[in-house]
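Worksheet for the structure shown next.
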Amino acid sequence: NAGVTQTPKFRVLKTGQSMTLLCAQDMNHEYMYWYRQDPGMGLRLIHYSVGEGTTAKGEVPDGYNVSRLKKQNFLLGLESAAPSQTSVYFCASTLGQGPYNEQFFGPGTRLTVL
Amino acid sequence: AQKVTQAQTEISVVEKEDVTLDCVYETRDTTYYLFWYKQPPSGELVFLIRRNSFDEQNEISGRYSWNFQKSTSSFNFTITASQVVDSAVYFCALSELGQGGSEKLVFGKGTKLTVNP
């Protein structure tokens with residue numbers, strides 16, 4: 001099993017450009033999450049999904065959109081990138097069915113917006 | 001709202017010292033779960049432990065131990081005889097129920113531990 005994978009690993013954008021980050025999991029998990037990690041801020045939840053075709057906002061959703069068309073994939077989109085979106089982005093997934101299940105994380109995507 | 005506080009931003013110790021990482025949480029829920037994750041310099045997040053609100057027994061796993069005290073809303077993590085490989089950022093997290101009963105994690109800001117040889 002590959003677990004949780006993220007594509008790409010690194011990306012540099014110019015202000016105003018758009019891009020999509022792809023997260024894939026092969027563990028048949030129901031719930032998937034997108035976080036951003038900034039120095040001194042810990043991990044903050046951007047959006048999450050409790051199943052195929054459903055998404056919800058997290059703590060810092062502005063400037064991002066998501067889609068979960070297939071159970072195994074969770075896409076994070078930036079329509080018009082801003083320097084404030086420079087961050088490391090982590091995707092995670094969990095079995096669901098209870099708050100006791102740990103989240104499994106991908107390796108992260110380092111995004112720089114110039 | 002749920003909140004997790006890790007007051008120690010950075011800790012530096014010498015190898016073989018014991019070190020305790022503090023975690024204090026706030027929640028109105030009676031049933032909740034607490035987690036610790038490790039983020040080594042390579043960047044990935046690794047699950048270490050889970051504890052539910054009804055189980056206050058301390059847990060030991062090798063050189064790692066966890067002390068959960070509901071009376072003080074704390075879930076502290078101790079590394080005994082620290083090693084250089086323990087150098088990492090450690091996150092404490094609290095589960096909360098979101099939309100439709102879904103689970104979300106609220107993370108503390110992390111404690112960066114540096115173990116020097």
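Quick note on naming: the chains in the structure tokens go A, B, ... in the order shown, residues restart at 1 in each chain, and ligands are numbered from 1 in order of appearance.
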(request) Identify, on the basis of only C-alpha atoms, every residue whose closest approach to region 47-53 of chain A does not exceed 6 Å; exclude the query and any residue fewer than 4 positions from it along the same chain; express the result as number ranges by chain. (result) A: 30-34, 57-58, 68-71
(request) Could you give me, as an NGL selection string, the residues within 8 Å of region 84-95 of chain B, counting only C-alpha atoms and dropping anything in the same chain fewer than 4 positions from it? (result) (:A and (42 or 99-100)) or (:B and (2-4 or 6 or 15 or 23 or 25 or 32-41 or 103-117))
Could you please take those selected residues and save N, CA, C and O atoms as a compact mmCIF listing (two decimals), in the first residue's frame?
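Listed below is the output, selection-v6.txt:
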```txt
# COMPACT_ATOMS: atom_id res chain seq x y z
N GLY A 42 1.35 25.62 13.64
CA GLY A 42 0.82 24.26 13.67
C GLY A 42 0.14 23.92 12.36
O GLY A 42 0.41 24.53 11.32
N PRO A 99 -14.34 9.24 16.22
CA PRO A 99 -13.24 10.19 16.41
C PRO A 99 -11.98 9.55 16.96
O PRO A 99 -10.99 10.24 17.20
N TYR A 100 -11.99 8.25 17.16
CA TYR A 100 -10.82 7.60 17.73
C TYR A 100 -9.81 7.16 16.68
O TYR A 100 -8.71 6.75 17.00
N GLN B 2 -12.96 24.03 20.74
CA GLN B 2 -11.81 23.24 21.15
C GLN B 2 -10.52 24.02 20.98
O GLN B 2 -10.38 24.81 20.04
N LYS B 3 -9.60 23.78 21.88
CA LYS B 3 -8.31 24.45 21.78
C LYS B 3 -7.23 23.57 22.37
O LYS B 3 -7.47 22.90 23.38
N VAL B 4 -6.07 23.59 21.76
CA VAL B 4 -4.92 22.84 22.26
C VAL B 4 -3.75 23.80 22.39
O VAL B 4 -3.41 24.50 21.43
N GLN B 6 0.25 24.19 23.36
CA GLN B 6 1.59 23.64 23.63
C GLN B 6 2.47 24.85 23.92
O GLN B 6 2.94 25.52 23.02
N GLU B 15 21.67 14.66 24.79
CA GLU B 15 21.34 13.24 24.69
C GLU B 15 21.37 12.58 26.07
O GLU B 15 22.21 12.89 26.92
N CYS B 23 1.09 19.54 27.06
CA CYS B 23 -0.09 19.75 26.21
C CYS B 23 -1.29 20.01 27.11
O CYS B 23 -1.60 19.18 27.98
N TYR B 25 -5.42 21.17 26.97
CA TYR B 25 -6.52 21.26 26.01
C TYR B 25 -7.77 21.85 26.65
O TYR B 25 -7.92 21.86 27.87
N TYR B 32 -13.99 12.58 24.12
CA TYR B 32 -13.05 13.14 23.16
C TYR B 32 -11.81 12.28 23.13
O TYR B 32 -11.62 11.40 23.96
N TYR B 33 -10.98 12.55 22.15
CA TYR B 33 -9.74 11.79 21.97
C TYR B 33 -8.58 12.75 21.80
O TYR B 33 -8.71 13.80 21.17
N LEU B 34 -7.48 12.36 22.36
CA LEU B 34 -6.25 13.15 22.27
C LEU B 34 -5.20 12.34 21.54
O LEU B 34 -5.13 11.12 21.67
N PHE B 35 -4.39 13.04 20.78
CA PHE B 35 -3.37 12.39 19.96
C PHE B 35 -2.04 13.12 20.09
O PHE B 35 -1.99 14.32 20.37
N TRP B 36 -0.97 12.38 19.86
CA TRP B 36 0.34 12.97 19.67
C TRP B 36 0.88 12.49 18.32
O TRP B 36 0.77 11.30 17.99
N TYR B 37 1.44 13.46 17.58
CA TYR B 37 2.09 13.16 16.31
C TYR B 37 3.52 13.69 16.36
O TYR B 37 3.81 14.70 17.00
N LYS B 38 4.38 13.02 15.62
CA LYS B 38 5.78 13.43 15.50
C LYS B 38 6.05 13.85 14.06
O LYS B 38 5.63 13.17 13.12
N GLN B 39 6.77 14.96 13.90
CA GLN B 39 7.17 15.40 12.57
C GLN B 39 8.69 15.54 12.55
O GLN B 39 9.24 16.56 12.97
N PRO B 40 9.40 14.51 12.09
CA PRO B 40 10.86 14.58 12.02
C PRO B 40 11.30 15.57 10.95
O PRO B 40 10.47 16.06 10.18
N PRO B 41 12.59 15.87 10.88
CA PRO B 41 13.08 16.83 9.89
C PRO B 41 12.71 16.49 8.44
O PRO B 41 12.63 17.38 7.60
N GLU B 103 -15.41 13.81 12.15
CA GLU B 103 -14.37 14.09 13.10
C GLU B 103 -13.32 15.01 12.49
O GLU B 103 -12.93 14.85 11.34
N LYS B 104 -12.89 15.97 13.28
CA LYS B 104 -11.79 16.83 12.89
C LYS B 104 -10.78 16.85 14.01
O LYS B 104 -11.11 16.59 15.16
N LEU B 105 -9.57 17.16 13.65
CA LEU B 105 -8.52 17.31 14.66
C LEU B 105 -8.17 18.79 14.81
O LEU B 105 -8.01 19.49 13.81
N VAL B 106 -8.03 19.20 16.05
CA VAL B 106 -7.51 20.53 16.36
C VAL B 106 -6.10 20.34 16.89
O VAL B 106 -5.90 19.64 17.89
N PHE B 107 -5.14 20.95 16.21
CA PHE B 107 -3.73 20.76 16.57
C PHE B 107 -3.22 21.91 17.43
O PHE B 107 -3.62 23.06 17.26
N GLY B 108 -2.30 21.58 18.33
CA GLY B 108 -1.51 22.61 18.96
C GLY B 108 -0.48 23.12 17.96
O GLY B 108 -0.35 22.59 16.85
N LYS B 109 0.26 24.15 18.36
CA LYS B 109 1.21 24.74 17.44
C LYS B 109 2.52 23.98 17.37
O LYS B 109 3.39 24.31 16.56
N GLY B 110 2.68 22.99 18.20
CA GLY B 110 3.85 22.15 18.11
C GLY B 110 4.98 22.59 19.03
O GLY B 110 5.12 23.77 19.36
N THR B 111 5.79 21.62 19.43
CA THR B 111 7.00 21.87 20.21
C THR B 111 8.17 21.28 19.44
O THR B 111 8.17 20.08 19.12
N LYS B 112 9.14 22.12 19.14
CA LYS B 112 10.32 21.64 18.44
C LYS B 112 11.34 21.15 19.45
O LYS B 112 11.82 21.93 20.28
N LEU B 113 11.64 19.87 19.39
CA LEU B 113 12.62 19.28 20.30
C LEU B 113 13.93 19.04 19.55
O LEU B 113 13.94 18.41 18.50
N THR B 114 15.00 19.54 20.12
CA THR B 114 16.33 19.29 19.57
C THR B 114 17.13 18.54 20.63
O THR B 114 17.26 19.00 21.76
N VAL B 115 17.62 17.38 20.24
CA VAL B 115 18.45 16.58 21.13
C VAL B 115 19.88 16.64 20.59
O VAL B 115 20.17 16.19 19.48
N ASN B 116 20.75 17.22 21.38
CA ASN B 116 22.13 17.40 20.97
C ASN B 116 23.01 16.25 21.48
O ASN B 116 22.83 15.77 22.58
N PRO B 117 23.96 15.83 20.67
CA PRO B 117 24.83 14.71 21.09
C PRO B 117 25.77 15.13 22.21
O PRO B 117 26.00 16.32 22.43
```
(request) Calculate how many Å separate CA of Gln69 (chain B) from CA of Pro39 (chain A), rounding to one decimal. (result) 28.9 Å
(request) Could the residues of chain A within 8 Å of chain B, counting only C-alpha atoms, be given as a PyMOL selection string, please? (result) chain A and resi 40-44+50+56+96+98-100+102-108
(request) Write out as a list in words which residues come within 10 Å of Thr20 (chain A) when counting only C-alpha atoms, dropping same-chain ones fewer than 6 positions away. (result)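 Selected residues are Thr7, Pro8, Tyr64, Asn65, Val66, Leu75, Leu76, Gly77, Leu78 and Glu79 of chain A.
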(message) Let me make sure I understand: among A:Asn101, A:Ser93, A:Asn1, A:Ser87, which one has the smallest atom-to-atom distance to Cys23 (chain A) if we use only C-alpha atoms?
(response) A:Ser93
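One finds CA of Gln37 (chain A) at 22.4 Å from CA of Phe75 (chain B).
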(request) Please return as an MDAnalysis selection string: the residues of region 33-85 of chain A that backbone DSSP assigns to strand (DSSP E). (result) chainID A and resid 33:38 42:51 54:57 65:67 73:78
(request) In Å, rounded to a single decimal, give me how far CA of Thr54 (chain A) is from CA of Phe10 (chain A). (result)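 Value for the CA of Phe10 (chain A)-CA of Thr54 (chain A) distance: 27.3 Å.
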(request) Report as a PyMOL selection string: the residues of chain B with a DSSP assignment of helix (DSSP H, G or I), based on the backbone of this structure. (result) chain B and resi 70-72+84-86+99-101
Could you save the residues just selected, with all heavy atoms, as a short mmCIF file (atom, residue, chain, number, x, y, z; two decimals), in the first residue's frame?
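File written: again_13.cif
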```
data_model
loop_
_atom_site.label_atom_id
_atom_site.label_comp_id
_atom_site.auth_asym_id
_atom_site.auth_seq_id
_atom_site.Cartn_x
_atom_site.Cartn_y
_atom_site.Cartn_z
N LYS B 70 -7.29 14.44 33.46
CA LYS B 70 -8.49 15.21 33.14
C LYS B 70 -8.65 16.38 34.10
O LYS B 70 -9.16 17.44 33.71
CB LYS B 70 -9.73 14.32 33.20
CG LYS B 70 -9.85 13.37 32.03
CD LYS B 70 -11.09 12.52 32.11
CE LYS B 70 -12.34 13.33 31.80
NZ LYS B 70 -13.52 12.45 31.69
N SER B 71 -8.21 16.23 35.33
CA SER B 71 -8.40 17.30 36.32
C SER B 71 -7.68 18.58 35.92
O SER B 71 -8.11 19.68 36.26
CB SER B 71 -7.91 16.83 37.68
OG SER B 71 -6.52 16.50 37.63
N THR B 72 -6.59 18.42 35.20
CA THR B 72 -5.83 19.60 34.76
C THR B 72 -5.90 19.78 33.25
O THR B 72 -5.20 20.63 32.69
CB THR B 72 -4.36 19.49 35.19
OG1 THR B 72 -3.83 18.26 34.67
CG2 THR B 72 -4.22 19.51 36.69
N VAL B 84 19.31 11.47 19.73
CA VAL B 84 19.35 12.44 18.63
C VAL B 84 18.18 12.19 17.67
O VAL B 84 17.59 13.13 17.12
CB VAL B 84 20.70 12.39 17.89
CG1 VAL B 84 20.67 13.26 16.65
CG2 VAL B 84 21.83 12.83 18.82
N VAL B 85 17.82 10.94 17.48
CA VAL B 85 16.73 10.60 16.55
C VAL B 85 15.37 11.09 17.03
O VAL B 85 14.39 11.08 16.28
CB VAL B 85 16.65 9.09 16.27
CG1 VAL B 85 17.87 8.62 15.52
CG2 VAL B 85 16.44 8.31 17.57
N ASP B 86 15.30 11.51 18.29
CA ASP B 86 14.04 12.06 18.81
C ASP B 86 13.85 13.51 18.39
O ASP B 86 12.78 14.09 18.61
CB ASP B 86 14.01 11.98 20.34
CG ASP B 86 14.03 10.55 20.86
OD1 ASP B 86 13.44 9.67 20.19
OD2 ASP B 86 14.64 10.31 21.92
N GLN B 99 -19.13 18.85 10.94
CA GLN B 99 -20.40 18.76 10.20
C GLN B 99 -20.84 17.32 10.05
O GLN B 99 -20.05 16.47 9.68
CB GLN B 99 -20.21 19.41 8.83
CG GLN B 99 -21.45 19.48 7.99
CD GLN B 99 -21.14 20.03 6.60
OE1 GLN B 99 -20.41 19.41 5.85
NE2 GLN B 99 -21.67 21.19 6.29
N GLY B 100 -22.10 17.08 10.33
CA GLY B 100 -22.65 15.74 10.13
C GLY B 100 -22.03 14.70 11.03
O GLY B 100 -22.05 13.51 10.73
N GLY B 101 -21.46 15.12 12.14
CA GLY B 101 -20.84 14.15 13.05
C GLY B 101 -19.46 13.74 12.64
O GLY B 101 -18.88 12.81 13.21
#
```
(request) Tell me, as a list in words, which residues lie within 7 Å of Gln25 (chain A), counting only C-alpha atoms; anything in the same chain fewer than 2 positions away does not count. (result)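 After dropping sequence-adjacent residues, the list is Gly3, Val4, Thr5, Cys23, Met27, Gln72 and Asn73 of chain A.
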(message) Taking only C-alpha atoms into account, name the residue in B:Asn67, B:Gln83, B:Gln8, B:Ser73 that is nearest to Leu21 (chain B).
(response) B:Gln8
